[in-house]
$ cat query34.cif   # mmCIF, C-alpha atoms and all ligand atoms
data_data
loop_
_atom_site.label_atom_id
_atom_site.label_comp_id
_atom_site.auth_asym_id
_atom_site.auth_seq_id
_atom_site.Cartn_x
_atom_site.Cartn_y
_atom_site.Cartn_z
CA HIS A 919 -4.08 -24.68 -69.43
CA THR A 920 -1.40 -22.93 -71.33
CA VAL A 921 -1.74 -21.14 -74.61
CA LEU A 922 1.78 -22.18 -75.44
CA ALA A 923 0.67 -25.70 -76.29
CA THR A 924 -1.10 -24.51 -79.39
CA LEU A 925 0.41 -21.10 -80.03
CA ALA A 926 2.09 -20.98 -83.43
CA PRO A 927 3.86 -17.94 -84.86
CA VAL A 928 1.63 -15.69 -86.94
CA PRO A 929 3.00 -15.24 -90.48
CA SER A 930 5.00 -12.04 -90.29
CA ASP A 931 3.75 -8.86 -91.91
CA GLU A 932 5.45 -8.35 -95.26
CA ILE A 933 5.75 -4.59 -94.84
CA PHE A 934 7.48 -4.84 -91.49
CA ASP A 935 9.87 -7.51 -92.80
CA LEU A 936 10.65 -5.31 -95.76
CA ASN A 937 11.36 -2.31 -93.53
CA ARG A 938 13.66 -4.35 -91.36
CA ALA A 939 15.60 -5.64 -94.37
CA TYR A 940 15.83 -2.08 -95.70
CA ALA A 941 17.08 -0.72 -92.37
CA ARG A 942 19.83 -3.36 -92.27
CA ASP A 943 20.92 -2.73 -95.85
CA THR A 944 24.13 -0.67 -95.91
CA PHE A 945 24.10 0.08 -99.64
CA PRO A 946 24.26 3.89 -100.01
CA GLN A 947 21.79 4.15 -102.90
CA LYS A 948 19.13 1.90 -101.36
CA VAL A 949 15.51 2.98 -101.94
CA SER A 950 12.45 2.12 -99.88
CA LEU A 951 9.18 1.95 -101.79
CA GLY A 952 7.51 -0.11 -99.09
CA VAL A 953 5.75 1.69 -96.32
CA GLY A 954 2.75 3.96 -96.91
CA VAL A 955 3.81 7.19 -95.25
CA TYR A 956 4.59 10.56 -96.79
CA ARG A 957 8.24 11.46 -97.21
CA THR A 958 9.86 14.68 -98.44
CA ASP A 959 12.15 14.79 -101.44
CA GLU A 960 14.98 14.25 -98.93
CA GLY A 961 13.28 11.06 -97.71
CA LYS A 962 12.34 12.65 -94.36
CA PRO A 963 9.04 12.67 -92.42
CA TRP A 964 7.13 15.95 -92.85
CA PRO A 965 5.22 17.33 -89.88
CA LEU A 966 2.70 19.61 -91.62
CA PRO A 967 3.52 23.32 -91.07
CA VAL A 968 -0.07 23.97 -90.00
CA VAL A 969 0.18 21.15 -87.46
CA GLU A 970 3.41 22.55 -86.02
CA LYS A 971 1.81 25.98 -85.73
CA VAL A 972 -1.21 24.59 -83.89
CA GLU A 973 0.95 22.48 -81.59
CA LYS A 974 2.68 25.69 -80.44
CA LYS A 975 -0.66 27.42 -79.91
CA LEU A 976 -1.98 24.52 -77.86
CA LEU A 977 1.12 24.53 -75.72
CA GLU A 978 0.75 28.27 -75.10
CA GLU A 979 -2.93 27.92 -74.25
CA ASN A 980 -1.96 25.42 -71.59
CA ASP A 981 -5.59 24.32 -71.15
CA PRO A 982 -5.80 22.55 -67.78
CA SER A 983 -8.44 20.17 -69.21
CA ARG A 984 -6.23 18.99 -72.03
CA HIS A 985 -5.53 15.59 -70.49
CA GLU A 986 -9.00 14.95 -69.12
CA TYR A 987 -11.23 12.12 -70.28
CA THR A 988 -13.58 12.96 -73.15
CA ALA A 989 -17.12 11.69 -73.57
CA ILE A 990 -17.24 8.01 -74.56
CA GLU A 991 -18.16 8.92 -78.13
CA GLY A 992 -15.11 11.20 -78.17
CA ASP A 993 -14.58 14.92 -78.54
CA ILE A 994 -17.96 16.12 -79.81
CA PRO A 995 -16.88 19.38 -81.54
CA PHE A 996 -14.14 17.40 -83.29
CA LEU A 997 -16.69 14.82 -84.46
CA GLU A 998 -18.93 17.51 -85.91
CA LEU A 999 -16.01 18.99 -87.83
CA ALA A 1000 -14.91 15.56 -89.05
CA ARG A 1001 -18.46 14.82 -90.22
CA ASP A 1002 -18.77 18.18 -91.99
CA LEU A 1003 -15.47 17.58 -93.77
CA MET A 1004 -16.45 14.11 -94.92
CA PHE A 1005 -20.01 14.82 -96.00
CA GLY A 1006 -19.52 18.39 -97.20
CA PHE A 1007 -21.60 20.38 -94.73
CA ASP A 1008 -20.92 24.04 -94.26
CA GLY A 1009 -19.88 24.27 -90.62
CA LYS A 1010 -21.00 27.85 -90.04
CA ASN A 1011 -23.77 28.52 -92.55
CA ALA A 1012 -25.41 25.17 -93.09
CA SER A 1013 -28.76 25.38 -94.88
CA ALA A 1014 -31.90 24.06 -93.22
CA GLU A 1015 -31.67 21.08 -95.53
CA GLN A 1016 -28.10 20.39 -94.42
CA GLU A 1017 -29.10 20.72 -90.77
CA GLU A 1018 -31.74 18.07 -91.41
CA ALA A 1019 -29.27 15.82 -93.26
CA LYS A 1020 -26.83 15.99 -90.34
CA LYS A 1021 -29.43 14.20 -88.24
CA ARG A 1022 -28.94 11.12 -90.41
CA ILE A 1023 -25.34 10.71 -89.27
CA ALA A 1024 -24.19 9.13 -86.01
CA SER A 1025 -20.51 9.90 -85.38
CA VAL A 1026 -18.05 8.57 -82.83
CA GLN A 1027 -14.30 8.88 -82.39
CA ALA A 1028 -12.19 5.83 -83.19
CA VAL A 1029 -8.54 4.82 -82.96
CA ALA A 1030 -7.63 6.26 -86.38
CA GLY A 1031 -8.76 4.61 -89.61
CA THR A 1032 -7.91 1.09 -88.48
CA GLY A 1033 -9.95 1.50 -85.33
CA ALA A 1034 -12.86 3.00 -87.26
CA ASN A 1035 -12.85 0.04 -89.66
CA HIS A 1036 -12.72 -2.35 -86.74
CA LEU A 1037 -15.44 -0.63 -84.75
CA GLY A 1038 -17.66 -0.52 -87.82
CA GLY A 1039 -17.06 -4.20 -88.50
CA LEU A 1040 -17.86 -5.09 -84.92
CA PHE A 1041 -20.98 -2.92 -84.88
CA LEU A 1042 -22.35 -4.44 -88.08
CA ALA A 1043 -21.43 -7.97 -87.00
CA THR A 1044 -23.28 -7.43 -83.72
CA HIS A 1045 -26.38 -5.65 -84.95
CA MET A 1046 -26.81 -6.37 -88.66
CA LYS A 1047 -25.23 -9.83 -88.84
CA PRO A 1048 -24.36 -9.67 -92.55
CA LYS A 1049 -23.87 -13.03 -94.27
CA ASN A 1050 -20.73 -11.76 -95.99
CA VAL A 1051 -18.44 -8.80 -96.39
CA TRP A 1052 -17.16 -8.21 -99.92
CA LEU A 1053 -13.59 -6.95 -100.21
CA SER A 1054 -11.87 -5.89 -103.41
CA ASP A 1055 -9.26 -8.31 -104.73
CA PRO A 1056 -6.73 -7.05 -103.77
CA SER A 1057 -7.44 -4.80 -100.78
CA TRP A 1058 -5.58 -3.35 -97.82
CA ALA A 1059 -4.33 -6.50 -96.03
CA ASN A 1060 -5.66 -5.34 -92.66
CA HIS A 1061 -9.24 -5.51 -93.99
CA MET A 1062 -8.94 -9.33 -93.93
CA THR A 1063 -7.66 -9.31 -90.36
CA LEU A 1064 -10.23 -7.00 -88.90
CA TRP A 1065 -13.23 -8.58 -90.62
CA GLU A 1066 -11.96 -11.96 -89.51
CA MET A 1067 -11.87 -10.59 -85.95
CA ALA A 1068 -15.43 -9.34 -86.40
CA GLY A 1069 -16.40 -12.89 -87.38
CA VAL A 1070 -17.99 -11.96 -90.70
CA PRO A 1071 -17.24 -14.34 -93.62
CA ARG A 1072 -15.19 -12.62 -96.32
CA LYS A 1073 -15.63 -12.81 -100.07
CA THR A 1074 -13.80 -10.90 -102.77
CA TYR A 1075 -14.90 -9.09 -105.89
CA PRO A 1076 -12.49 -8.70 -108.85
CA TYR A 1077 -10.85 -5.28 -108.93
CA TYR A 1078 -7.54 -5.43 -110.78
CA GLU A 1079 -6.96 -6.49 -114.37
CA PRO A 1080 -3.26 -7.48 -114.60
CA LYS A 1081 -3.11 -7.51 -118.42
CA THR A 1082 -4.05 -3.86 -118.77
CA ARG A 1083 -2.97 -2.87 -115.26
CA SER A 1084 -6.33 -1.18 -114.84
CA LEU A 1085 -9.57 -1.42 -112.88
CA ASP A 1086 -11.64 -4.53 -113.66
CA PHE A 1087 -14.93 -2.69 -113.35
CA THR A 1088 -16.86 -5.22 -115.46
CA GLY A 1089 -15.65 -8.11 -113.31
CA MET A 1090 -16.43 -6.22 -110.11
CA MET A 1091 -19.99 -5.43 -111.15
CA ALA A 1092 -20.68 -8.87 -112.62
CA THR A 1093 -19.57 -10.66 -109.45
CA LEU A 1094 -21.50 -8.40 -107.09
CA GLU A 1095 -24.54 -8.62 -109.33
CA ALA A 1096 -24.50 -12.41 -109.50
CA GLU A 1097 -23.30 -13.37 -106.04
CA ALA A 1098 -23.82 -10.68 -103.41
CA GLN A 1099 -26.87 -11.25 -101.24
CA GLU A 1100 -29.24 -8.76 -99.67
CA GLY A 1101 -27.70 -7.32 -96.52
CA ASP A 1102 -24.11 -8.13 -97.49
CA VAL A 1103 -21.51 -5.46 -96.75
CA VAL A 1104 -19.46 -4.09 -99.67
CA LEU A 1105 -16.21 -2.51 -98.64
CA LEU A 1106 -15.26 0.44 -100.87
CA HIS A 1107 -12.14 2.62 -100.76
CA ALA A 1108 -13.41 6.22 -100.89
CA CYS A 1109 -10.38 7.29 -102.98
CA ALA A 1110 -6.77 6.30 -103.67
CA HIS A 1111 -7.40 2.56 -103.52
CA ASN A 1112 -4.76 0.73 -101.51
CA PRO A 1113 -2.84 -1.15 -102.94
CA THR A 1114 -3.67 -0.56 -106.63
CA GLY A 1115 -4.03 3.24 -106.86
CA LEU A 1116 -7.03 2.60 -109.15
CA ASP A 1117 -10.34 4.34 -108.45
CA PRO A 1118 -13.68 4.08 -110.25
CA THR A 1119 -14.67 7.07 -112.38
CA LYS A 1120 -17.63 9.19 -111.27
CA GLU A 1121 -19.90 7.39 -113.74
CA GLN A 1122 -18.73 4.06 -112.38
CA TRP A 1123 -19.36 5.20 -108.79
CA MET A 1124 -22.93 6.04 -109.84
CA GLU A 1125 -23.34 2.52 -111.18
CA ILE A 1126 -21.94 1.03 -107.96
CA ALA A 1127 -24.40 3.13 -105.95
CA ASP A 1128 -27.29 1.95 -108.13
CA LEU A 1129 -26.22 -1.65 -107.74
CA CYS A 1130 -25.97 -1.35 -103.95
CA GLU A 1131 -29.41 0.23 -103.81
CA ARG A 1132 -31.05 -2.28 -106.13
CA LYS A 1133 -29.54 -5.34 -104.45
CA GLN A 1134 -29.82 -3.85 -100.96
CA LEU A 1135 -26.13 -4.15 -100.21
CA PHE A 1136 -24.57 -2.12 -97.41
CA PRO A 1137 -21.75 0.24 -98.56
CA PHE A 1138 -18.89 0.53 -96.08
CA PHE A 1139 -16.51 3.32 -97.14
CA ASP A 1140 -12.92 3.35 -95.97
CA SER A 1141 -11.67 6.93 -96.33
CA ALA A 1142 -7.97 7.09 -95.49
CA TYR A 1143 -6.76 9.70 -98.00
CA GLN A 1144 -9.23 12.62 -98.19
CA GLY A 1145 -7.31 15.59 -99.61
CA PHE A 1146 -4.05 13.67 -99.70
CA ALA A 1147 -4.82 11.98 -103.02
CA SER A 1148 -5.93 14.80 -105.30
CA GLY A 1149 -5.06 17.80 -103.11
CA SER A 1150 -8.79 18.60 -102.80
CA VAL A 1151 -10.91 17.44 -99.88
CA VAL A 1152 -14.01 17.88 -102.06
CA GLU A 1153 -12.75 15.77 -104.95
CA ASP A 1154 -11.56 12.95 -102.70
CA ALA A 1155 -14.91 12.82 -100.89
CA TRP A 1156 -16.91 12.72 -104.11
CA ALA A 1157 -18.03 9.08 -103.90
CA VAL A 1158 -19.06 9.26 -100.23
CA ARG A 1159 -20.98 12.49 -100.79
CA TYR A 1160 -22.65 11.11 -103.92
CA PHE A 1161 -23.92 8.02 -102.10
CA PHE A 1162 -25.07 10.16 -99.17
CA GLN A 1163 -26.92 12.72 -101.27
CA HIS A 1164 -28.34 10.54 -104.00
CA LYS A 1165 -29.25 7.39 -102.09
CA PRO A 1166 -31.14 8.71 -99.08
CA HIS A 1167 -32.94 5.39 -98.70
CA MET A 1168 -29.76 3.41 -98.23
CA GLU A 1169 -27.88 3.01 -94.96
CA MET A 1170 -24.10 3.14 -95.17
CA CYS A 1171 -21.06 3.95 -93.07
CA VAL A 1172 -17.66 5.62 -93.31
CA ALA A 1173 -14.37 4.88 -91.52
CA GLN A 1174 -12.46 8.17 -91.59
CA SER A 1175 -8.74 8.48 -90.95
CA PHE A 1176 -6.70 11.65 -90.34
CA SER A 1177 -3.36 9.83 -90.40
CA LYS A 1178 -2.27 10.72 -93.93
CA ASN A 1179 -4.04 14.01 -94.62
CA PHE A 1180 -2.74 15.61 -91.40
CA GLY A 1181 0.47 13.58 -91.18
CA LEU A 1182 -0.64 12.47 -87.70
CA TYR A 1183 0.15 8.77 -88.18
CA GLY A 1184 1.13 7.91 -84.61
CA GLN A 1185 -1.55 10.07 -83.00
CA ARG A 1186 -4.40 7.76 -84.05
CA VAL A 1187 -7.01 10.31 -85.09
CA GLY A 1188 -10.18 9.00 -86.72
CA ALA A 1189 -13.94 8.81 -86.70
CA PHE A 1190 -16.66 6.34 -87.57
CA HIS A 1191 -19.88 7.63 -89.14
CA TYR A 1192 -23.03 5.58 -89.45
CA VAL A 1193 -25.63 6.94 -91.86
CA THR A 1194 -29.28 6.09 -91.29
CA THR A 1195 -32.15 6.62 -93.71
CA VAL A 1196 -34.24 8.62 -91.29
CA ALA A 1197 -33.25 12.04 -90.05
CA GLY A 1198 -34.07 11.78 -86.40
CA VAL A 1199 -32.17 12.71 -83.30
CA ASP A 1200 -33.60 9.74 -81.41
CA ILE A 1201 -32.42 7.16 -83.91
CA ARG A 1202 -29.06 8.84 -84.22
CA ASP A 1203 -28.66 8.83 -80.45
CA THR A 1204 -29.56 5.15 -80.29
CA VAL A 1205 -26.86 4.33 -82.85
CA VAL A 1206 -24.29 6.44 -80.98
CA ASN A 1207 -25.35 4.81 -77.75
CA ASN A 1208 -24.76 1.31 -79.08
CA LEU A 1209 -21.42 2.31 -80.57
CA CYS A 1210 -20.48 3.77 -77.18
CA HIS A 1211 -21.18 0.42 -75.59
CA LEU A 1212 -18.61 -1.23 -77.87
CA ILE A 1213 -16.15 1.65 -77.43
CA ARG A 1214 -16.41 1.49 -73.66
CA GLY A 1215 -15.60 -2.21 -73.66
CA GLU A 1216 -12.68 -1.83 -76.02
CA PHE A 1217 -10.86 1.43 -75.34
CA SER A 1218 -13.24 3.64 -73.32
CA MET A 1219 -12.77 6.61 -75.67
CA GLY A 1220 -10.56 7.78 -78.51
CA PRO A 1221 -7.26 9.53 -77.81
CA ARG A 1222 -7.34 13.27 -77.33
CA GLY A 1223 -4.03 14.82 -78.42
CA GLY A 1224 -4.14 14.53 -82.20
CA CYS A 1225 -7.83 15.30 -82.43
CA SER A 1226 -7.25 18.61 -80.59
CA ILE A 1227 -4.86 19.56 -83.38
CA VAL A 1228 -7.33 18.66 -86.13
CA LYS A 1229 -10.13 20.45 -84.30
CA LYS A 1230 -8.09 23.63 -84.00
CA VAL A 1231 -7.27 23.62 -87.71
CA LEU A 1232 -10.81 22.92 -88.85
CA THR A 1233 -12.42 25.55 -86.62
CA SER A 1234 -10.40 28.34 -88.22
CA ASP A 1235 -10.88 29.35 -91.87
CA GLU A 1236 -7.37 30.71 -91.94
CA LEU A 1237 -5.76 27.55 -90.60
CA THR A 1238 -7.95 25.40 -92.84
CA ALA A 1239 -6.66 27.36 -95.84
CA GLU A 1240 -3.11 26.67 -94.65
CA TRP A 1241 -3.94 22.98 -94.34
CA TYR A 1242 -5.23 22.95 -97.93
CA GLU A 1243 -1.85 24.32 -98.99
CA ASP A 1244 -0.05 21.54 -97.10
CA LEU A 1245 -2.28 18.98 -98.83
CA LYS A 1246 -1.26 20.49 -102.17
CA VAL A 1247 2.42 20.19 -101.27
CA MET A 1248 2.06 16.47 -100.50
CA SER A 1249 -0.23 15.52 -103.36
CA SER A 1250 1.77 17.55 -105.91
CA ARG A 1251 5.02 15.92 -104.94
CA ILE A 1252 3.49 12.46 -105.32
CA LYS A 1253 2.02 13.38 -108.71
CA ALA A 1254 5.34 14.87 -109.83
CA MET A 1255 7.14 11.66 -108.85
CA ARG A 1256 4.66 9.58 -110.86
CA GLN A 1257 5.38 11.78 -113.87
CA ALA A 1258 9.14 11.61 -113.31
CA LEU A 1259 9.21 7.82 -113.08
CA TYR A 1260 7.02 7.51 -116.15
CA LYS A 1261 9.23 9.91 -118.12
CA GLU A 1262 12.40 8.04 -117.21
CA LEU A 1263 10.90 4.67 -118.22
CA VAL A 1264 9.73 6.09 -121.55
CA LYS A 1265 13.17 7.63 -122.12
CA LEU A 1266 14.80 4.25 -121.49
CA GLN A 1267 12.25 2.59 -123.78
CA THR A 1268 11.59 0.08 -121.04
CA PRO A 1269 9.53 -2.79 -122.49
CA GLY A 1270 5.82 -2.64 -121.57
CA THR A 1271 3.33 0.17 -121.07
CA TRP A 1272 3.72 2.52 -118.13
CA GLU A 1273 0.86 5.03 -118.45
CA HIS A 1274 -0.83 3.37 -115.49
CA ILE A 1275 1.81 4.90 -113.22
CA VAL A 1276 0.56 8.41 -114.03
CA ASN A 1277 -3.09 7.42 -114.21
CA GLN A 1278 -3.23 5.84 -110.77
CA ASN A 1279 -4.15 7.89 -107.74
CA GLY A 1280 -2.71 8.46 -104.27
CA MET A 1281 0.27 7.07 -102.45
CA PHE A 1282 0.52 3.69 -104.15
CA SER A 1283 1.11 2.26 -107.57
CA TYR A 1284 0.55 -1.29 -108.65
CA THR A 1285 3.53 -1.30 -110.97
CA GLY A 1286 2.75 -4.59 -112.69
CA LEU A 1287 6.23 -5.91 -111.81
CA THR A 1288 6.29 -9.66 -111.17
CA PRO A 1289 7.47 -11.23 -107.88
CA ALA A 1290 10.69 -12.34 -109.62
CA GLN A 1291 11.31 -8.77 -110.83
CA VAL A 1292 10.60 -7.40 -107.34
CA THR A 1293 13.15 -9.84 -105.90
CA ALA A 1294 15.70 -8.85 -108.52
CA LEU A 1295 15.16 -5.16 -107.72
CA LYS A 1296 15.93 -5.83 -104.10
CA GLU A 1297 18.89 -8.14 -104.61
CA LYS A 1298 20.61 -6.38 -107.45
CA TYR A 1299 19.61 -2.74 -106.87
CA HIS A 1300 18.56 -2.49 -103.19
CA VAL A 1301 15.17 -1.12 -104.24
CA TYR A 1302 12.49 -2.42 -101.87
CA LEU A 1303 8.81 -2.92 -102.73
CA LEU A 1304 6.10 -5.47 -101.97
CA GLN A 1305 5.99 -8.82 -103.79
CA SER A 1306 2.68 -7.80 -105.34
CA GLY A 1307 4.53 -5.05 -107.20
CA ARG A 1308 2.98 -2.30 -105.06
CA ALA A 1309 5.29 0.69 -104.81
CA SER A 1310 4.85 3.59 -102.42
CA ILE A 1311 5.45 6.58 -104.67
CA SER A 1312 6.42 8.78 -101.73
CA GLY A 1313 9.71 6.85 -101.51
CA LEU A 1314 10.75 8.35 -104.85
CA SER A 1315 12.69 11.62 -105.04
CA GLU A 1316 14.37 13.86 -107.61
CA LYS A 1317 17.61 12.19 -106.60
CA ASN A 1318 16.64 8.52 -106.82
CA VAL A 1319 14.00 8.36 -109.55
CA ALA A 1320 16.45 7.90 -112.44
CA TYR A 1321 18.22 5.16 -110.50
CA VAL A 1322 14.93 3.37 -109.78
CA ALA A 1323 13.84 3.64 -113.43
CA GLN A 1324 17.18 2.24 -114.58
CA ALA A 1325 16.80 -0.65 -112.13
CA ILE A 1326 13.24 -1.39 -113.32
CA ASP A 1327 14.40 -1.19 -116.92
CA ASP A 1328 17.10 -3.78 -116.23
CA VAL A 1329 14.88 -6.27 -114.39
CA VAL A 1330 12.06 -6.25 -116.95
CA ARG A 1331 14.36 -6.83 -119.96
N1 LIG B 1 -7.50 2.06 -94.74
C1 LIG B 1 -6.62 2.08 -95.73
C2 LIG B 1 -7.04 1.68 -97.10
C3 LIG B 1 -5.31 2.50 -95.48
O1 LIG B 1 -4.43 2.52 -96.47
C4 LIG B 1 -4.96 2.88 -94.17
C5 LIG B 1 -3.55 3.31 -93.87
N2 LIG B 1 -2.57 2.46 -94.31
C6 LIG B 1 -5.94 2.84 -93.17
C7 LIG B 1 -7.20 2.44 -93.50
C8 LIG B 1 -5.78 3.21 -91.74
O2 LIG B 1 -4.73 3.90 -91.31
P1 LIG B 1 -4.67 4.49 -89.83
O3 LIG B 1 -5.18 3.43 -88.91
O4 LIG B 1 -3.24 4.76 -89.62
O5 LIG B 1 -5.51 5.71 -89.82
#
$ encode --input "query34.cif" --output "structure tokens" --more "lines below"
Ligand code: PMP
Amino acid sequence: HTVLATLAPVPSDEIFDLNRAYARDTFPQKVSLGVGVYRTDEGKPWPLPVVEKVEKKLLEENDPSRHEYTAIEGDIPFLELARDLMFGFDGKNASAEQEEAKKRIASVQAVAGTGANHLGGLFLATHMKPKNVWLSDPSWANHMTLWEMAGVPRKTYPYYEPKTRSLDFTGMMATLEAEAQEGDVVLLHACAHNPTGLDPTKEQWMEIADLCERKQLFPFFDSAYQGFASGSVVEDAWAVRYFFQHKPHMEMCVAQSFSKNFGLYGQRVGAFHYVTTVAGVDIRDTVVNNLCHLIRGEFSMGPRGGCSIVKKVLTSDELTAEWYEDLKVMSSRIKAMRQALYKELVKLQTPGTWEHIVNQNGMFSYTGLTPAQVTALKEKYHVYLLQSGRASISGLSEKNVAYVAQAIDDVVR
């Protein structure tokens, strides 16, 4: 009766190993392109100015209820704002049609994006019992873990074409068409696909939506980068909103994270939205009710601190405008670093094509570097990235980009 008899070490997480090795490295010009968090050009964390402003306000307000329990589904005004942001409802002047559409969405608070993915997986596993969940190959590694925990068999659809370093849309569609079965879940990254940085075009999203509808597949959107990727919360929500508006006869769900777009990584702010095909308060309440049952058993309710910050920002037009500016600062710096790396590689006439670096979207780039080249970058140049060749662009800066390009140039020759 001891777990120790069978307990074997879990293979360690590559990102955490990489960070540890980086932290121990004493080389002055070392560069970390591993972890997916925003960094300034000085390599520092960046609490968003609008977040700092709101934190001060909240402290001044000194609301005696600020540490109370919330409802089990979470902070309800926060959830309404989160839903409006994701699905594009006008918070103050919603049309009658929008008011009706809101009744199709059951929303609960979750422990950031990870928790929303997990809760969604558990909910579907319990109530829909899908035969399979389809993940992109590759996908965010945690998708495997949490769907395994939900007990739903995993399959993968092709996503990345190594030769051209681009999206394998034909392969993706052909596999889903031929092999996905009615009721299967298809996991889709709403924008800024992690780890490849490759997103479908709008036309391709329309085809994916048609395929899901025709084959009766269940779209599960993971939205971890709304506003962070393009700088526009509208643009980055395009796919989710398209499915919602144009496929009213299809159920779907969205796991929404506020970690990146508000820089609230450790605060664990997120929501899970389940979209039904019927606009009815009763059905919506039944979905929320069942989600609450799972929430109660797992964590009772989502955390309060970070969501108070997001709520404060999103209830004020003025603060929301300031947030949009902060999103522009982050997304512009990432885009500028993509351009800078590309320019340096072209200048060095580094063998291979590098346009994909500027064409990809969001925090990550699948560079196309081989495992041997990644190892050489680390050992010879102290530049750290994942074995798959995924680089976190936010680790680049005006100061280190020429050095990184030089290092890449050397290892690919
Ligand atoms: N999904 C994807 C694709 C992500 O990249 C991330 C962040 N790495 C998340 C979900 C969830 O992040 P969090 O739990 O910190 O909100």
$ residues_near_point --input "query34.cif" --point "(15.7, 7.6, -108.9)" --cutoff "10 Å" --atoms "only C-alpha atoms" --output "PyMOL selection string"
chain A and resi 947+949+1255+1258-1259+1262+1301+1313-1325
$ axis_aligned_box --input "query34.cif" --around "ligand LIG 1 (chain B)" --padding-each-side "8 Å" --output "AutoDock Vina command-line options"
--center_x -5.0 --center_y 3.7 --center_z -93.0 --size_x 20.9 --size_y 20.0 --size_z 24.2
$ atom_distance --input "query34.cif" --atom1 "CA of Lys1230 in chain A" --atom2 "CA of Leu997 in chain A"
12.3 Å
$ residues_near_ligand --input "query34.cif" --ligand "ligand LIG 1 (chain B)" --cutoff "10 Å" --atoms "all atoms listed in the file" --output "PyMOL selection string"
chain A and resi 953-955+1028-1036+1057-1061+1106-1113+1139-1143+1173-1179+1181-1189+1280-1282
$ residues_around --input "query34.cif" --residues "Asn1050 in chain A" --least-positions-apart "4" --cutoff "9 Å" --atoms "all atoms listed in the file" --output "PDB file with C-alpha atoms, in the coordinates of the input"
ATOM      1  CA  VAL A1070     -17.990 -11.960 -90.700  1.00  0.00           C
ATOM      2  CA  PRO A1071     -17.240 -14.340 -93.620  1.00  0.00           C
ATOM      3  CA  ARG A1072     -15.190 -12.620 -96.320  1.00  0.00           C
ATOM      4  CA  LYS A1073     -15.630 -12.810-100.070  1.00  0.00           C
ATOM      5  CA  ALA A1098     -23.820 -10.680-103.410  1.00  0.00           C
ATOM      6  CA  GLN A1099     -26.870 -11.250-101.240  1.00  0.00           C
ATOM      7  CA  GLY A1101     -27.700  -7.320 -96.520  1.00  0.00           C
ATOM      8  CA  ASP A1102     -24.110  -8.130 -97.490  1.00  0.00           C
ATOM      9  CA  VAL A1103     -21.510  -5.460 -96.750  1.00  0.00           C
ATOM     10  CA  VAL A1104     -19.460  -4.090 -99.670  1.00  0.00           C
TER      11      VAL A1104
END
$ closest_residue --input "query34.cif" --among "A:Glu998, A:Phe1180, A:Arg1083, A:His919" --to "Lys1010 in chain A" --atoms "only C-alpha atoms"
A:Glu998
$ atom_distance --input "query34.cif" --atom1 "CA of Glu1169 in chain A" --atom2 "CA of Thr1194 in chain A"
5.0 Å
$ atom_distance --input "query34.cif" --atom1 "CA of Ala1024 in chain A" --atom2 "CA of Ile1201 in chain A"
8.7 Å
$ closest_residue --input "query34.cif" --among "A:Gly952, A:Phe1162, A:Pro1137, A:Ala923" --to "Asn937 in chain A" --atoms "only C-alpha atoms"
A:Gly952
$ residues_around --input "query34.cif" --residues "Thr1271 in chain A" --least-positions-apart "5" --cutoff "10 Å" --atoms "all atoms listed in the file" --output "CSV table (one decimal) with C-alpha atoms, keeping the file's coordinate frame"
chain,number,residue,atom,x,y,z
A,1082,THR,CA,-4.0,-3.9,-118.8
A,1083,ARG,CA,-3.0,-2.9,-115.3
A,1260,TYR,CA,7.0,7.5,-116.2
A,1263,LEU,CA,10.9,4.7,-118.2
A,1264,VAL,CA,9.7,6.1,-121.6
A,1286,GLY,CA,2.8,-4.6,-112.7
$ build_atoms --input "query34.cif" --residues "range 956-964 of chain A" --atoms "N, CA and C atoms" --output "CSV table (one decimal), in the frame of the given file"
chain,number,residue,atom,x,y,z
A,956,TYR,N,4.1,9.5,-96.0
A,956,TYR,CA,4.6,10.6,-96.8
A,956,TYR,C,6.0,10.8,-96.4
A,957,ARG,N,6.9,11.1,-97.4
A,957,ARG,CA,8.2,11.5,-97.2
A,957,ARG,C,8.5,12.7,-98.1
A,958,THR,N,9.4,13.5,-97.6
A,958,THR,CA,9.9,14.7,-98.4
A,958,THR,C,10.8,14.2,-99.5
A,959,ASP,N,11.2,15.1,-100.4
A,959,ASP,CA,12.2,14.8,-101.4
A,959,ASP,C,13.5,14.3,-100.9
A,960,GLU,N,13.7,14.7,-99.6
A,960,GLU,CA,15.0,14.2,-98.9
A,960,GLU,C,14.8,12.9,-98.2
A,961,GLY,N,13.6,12.3,-98.4
A,961,GLY,CA,13.3,11.1,-97.7
A,961,GLY,C,13.0,11.2,-96.2
A,962,LYS,N,12.6,12.4,-95.8
A,962,LYS,CA,12.3,12.6,-94.4
A,962,LYS,C,10.8,12.7,-94.1
A,963,PRO,N,10.4,12.4,-92.8
A,963,PRO,CA,9.0,12.7,-92.4
A,963,PRO,C,8.8,14.2,-92.5
A,964,TRP,N,7.5,14.5,-92.7
A,964,TRP,CA,7.1,16.0,-92.8
A,964,TRP,C,6.0,16.3,-91.9
